[in-house]
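In what follows, a single structure is set out as structure tokens and then discussed.
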Amino acid sequence: MHIFANPARFLKIARPLTPWLGWSGGLLIVAALAVGLFASPADYLQGESVRILYVHVPAAWLGMGGWTGLAIASFMQLVWRHPLAAVAARAIAVPGAAFTAICLITGALWGKPTWGTYWQWDARLTSMLILLFLYIAFIALDDAERERGGEGRITAIFGLVGAVNIPIIHYSVEYWNTLHQGQSISFLRGSSSIDASMLWPLLASALGFTLLFGAVVLMRMRAALARQKVEARLRRM
């Protein structure tokens with residue numbers, strides 16, 4: 001990662017990569033949702049309401065994956081003082097919070113016909129809500145620290161501490177008796193309880209949203225670097 005420590009070298013790669021990620025992700029999302037919403041079968045228990053999983057599951061993965069990436073960037077900032085680490089963490093925070101909110105909203109819409117309620121103080125739902133609050137706190141703390149002219153170390157420490165919630169979310173359906181269903185896909189074991197007719201559109205949707213997430217993060221990083229360049233030029237003037 002240190003080879004990208006130079007902003008000019010990073011931008012040389014990020015500029016052409018951003019539209020490629022964005023367009024390929026968008027097209028993949030459209031194709032996956034078209035199959036998932038209109039071609040894949042309804043669930044034998046949940047009926048047509050199961051189709052919301054093609055948005056809900058990728059949003060949950062990216063909400064958790066976003067904070068994982070944020071924590072890695074925070075670690076690199078604290079240990080190696082990587083010049084782009086703070087920029088990366090800041091760029092991840094907003095889309096990560098957006099996908100976490102989408103996960104909670106779609107989960108509530110899915111829960112009403114399935115569980116009979118929009119919300120339950122379930123271990124998985126509550127820990128996911130805490131993740132949204134962590135994102136909001138990170139964004140607010142980062143803004144406050146930058147206004148004071150800080151280096152972002154307090155924000156980076158918060159990013160690392162907040163990562164404790166990620167394994168809690170992941171294992172909440174295994175360690176507690178929760179209303180939320182258990183893990184359906186295990187990449188470590190290479191197994192899935194989801195039928196192939198629903199699994200492949202789901203994986204394609206998750207990949208599409210991931211590519212789009214990457215494009216948004218790169219755009220935000222490029223915008224932040226451009227803003228820093230303008231501010232540095234104004235200070236010199």
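Quick note on naming: the chains in the structure tokens go A, B, ... in the order shown, residues restart at 1 in each chain, and ligands are numbered from 1 in order of appearance.
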
DSSP strand (DSSP E) residues within chain A, listed as JSON, numbers by chain: {"A": [185, 186, 191, 192]}

Residue nearest Gly96 in chain A - candidates A:Phe10, A:Phe133, A:Trp20, A:Trp121, atoms counted: only C-alpha atoms: A:Phe133

From A:Ile157, A:Met198, A:Ala14, A:Ala98, residue lying nearest Ala42 in chain A [only C-alpha atoms]: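 Closest to Ala42 in chain A of all the choices is A:Met198.
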
One-decimal distance in Å that lies between CA of Ile52 in chain A and CA of Pro113 in chain A: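 Interatomic distance here is 11.6 Å.
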
Which of chain A fall in helix (DSSP H, G or I), as a VMD selection string: chain A and resid 2 to 4 7 to 39 48 to 80 85 to 115 123 to 147 153 to 162 165 to 175 196 to 236

Coordinates-based distance that separates CA of Met64 in chain A from CA of Ala226 in chain A (Å, one decimal):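 Pair CA of Ala226 in chain A / CA of Met64 in chain A returns 28.1 Å.
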
Near Val57 in chain A, within 10 Å and counting only C-alpha atoms, which residues show up once chain neighbours fewer than 2 positions away are dropped, as a PDB file with C-alpha atoms, in the first residue's frame?
ATOM      1  CA  ILE A  52     -35.790  -7.334  -1.012  1.00  0.00           C
ATOM      2  CA  LEU A  53     -32.787  -9.467  -0.085  1.00  0.00           C
ATOM      3  CA  TYR A  54     -31.075  -8.447  -3.369  1.00  0.00           C
ATOM      4  CA  VAL A  55     -30.652  -4.969  -1.882  1.00  0.00           C
ATOM      5  CA  ALA A  59     -26.190  -3.195   1.912  1.00  0.00           C
ATOM      6  CA  ALA A  60     -25.458  -5.140   5.110  1.00  0.00           C
ATOM      7  CA  TRP A  61     -22.205  -6.503   3.705  1.00  0.00           C
ATOM      8  CA  LEU A  62     -21.062  -3.056   2.602  1.00  0.00           C
ATOM      9  CA  GLY A  63     -22.058  -1.426   5.874  1.00  0.00           C
ATOM     10  CA  ILE A 102     -30.297   1.224   3.555  1.00  0.00           C
ATOM     11  CA  CYS A 103     -29.745  -2.086   5.328  1.00  0.00           C
ATOM     12  CA  THR A 106     -34.909  -2.526   3.860  1.00  0.00           C
ATOM     13  CA  GLY A 107     -34.665  -4.822   6.868  1.00  0.00           C
ATOM     14  CA  LEU A 202     -27.639 -12.123  -4.993  1.00  0.00           C
ATOM     15  CA  LEU A 203     -23.890 -12.529  -5.507  1.00  0.00           C
ATOM     16  CA  SER A 205     -25.949  -7.748  -6.926  1.00  0.00           C
ATOM     17  CA  ALA A 206     -23.417  -7.753  -4.074  1.00  0.00           C
TER      18      ALA A 206
END

Residue nearest Gly159 in chain A among A:Leu225, A:Ala39, A:Ala93, A:Thr18 (counting only C-alpha atoms):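 Distance minimum relative to Gly159 in chain A lands on A:Ala93.
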
Selection: 6 Å around Met221 in chain A, only C-alpha atoms, excl. self and same-chain fewer than 3 positions, as a PDB file with N, CA and C atoms, in the first residue's frame:
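Result saved to part-v3.pdb:
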ATOM      1  N   ALA A  91     -13.358   9.192   3.231  1.00  0.00           N
ATOM      2  CA  ALA A  91     -14.122   8.925   2.016  1.00  0.00           C
ATOM      3  C   ALA A  91     -15.048   7.722   2.182  1.00  0.00           C
ATOM      4  N   LEU A 218     -13.505   6.304  -4.373  1.00  0.00           N
ATOM      5  CA  LEU A 218     -12.447   6.919  -5.174  1.00  0.00           C
ATOM      6  C   LEU A 218     -12.811   8.346  -5.563  1.00  0.00           C
ATOM      7  N   ALA A 224     -11.376  15.126  -2.235  1.00  0.00           N
ATOM      8  CA  ALA A 224     -10.684  15.593  -1.039  1.00  0.00           C
ATOM      9  C   ALA A 224      -9.260  16.036  -1.355  1.00  0.00           C
TER      10      ALA A 224
END

Selected residue of minimal separation from Arg51 in chain A among A:Ala223, A:Ala86, A:Leu199, A:Ala156, counting only C-alpha atoms: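 Nearest candidate to Arg51 in chain A out of A:Ala223, A:Ala86, A:Leu199, A:Ala156: A:Leu199.
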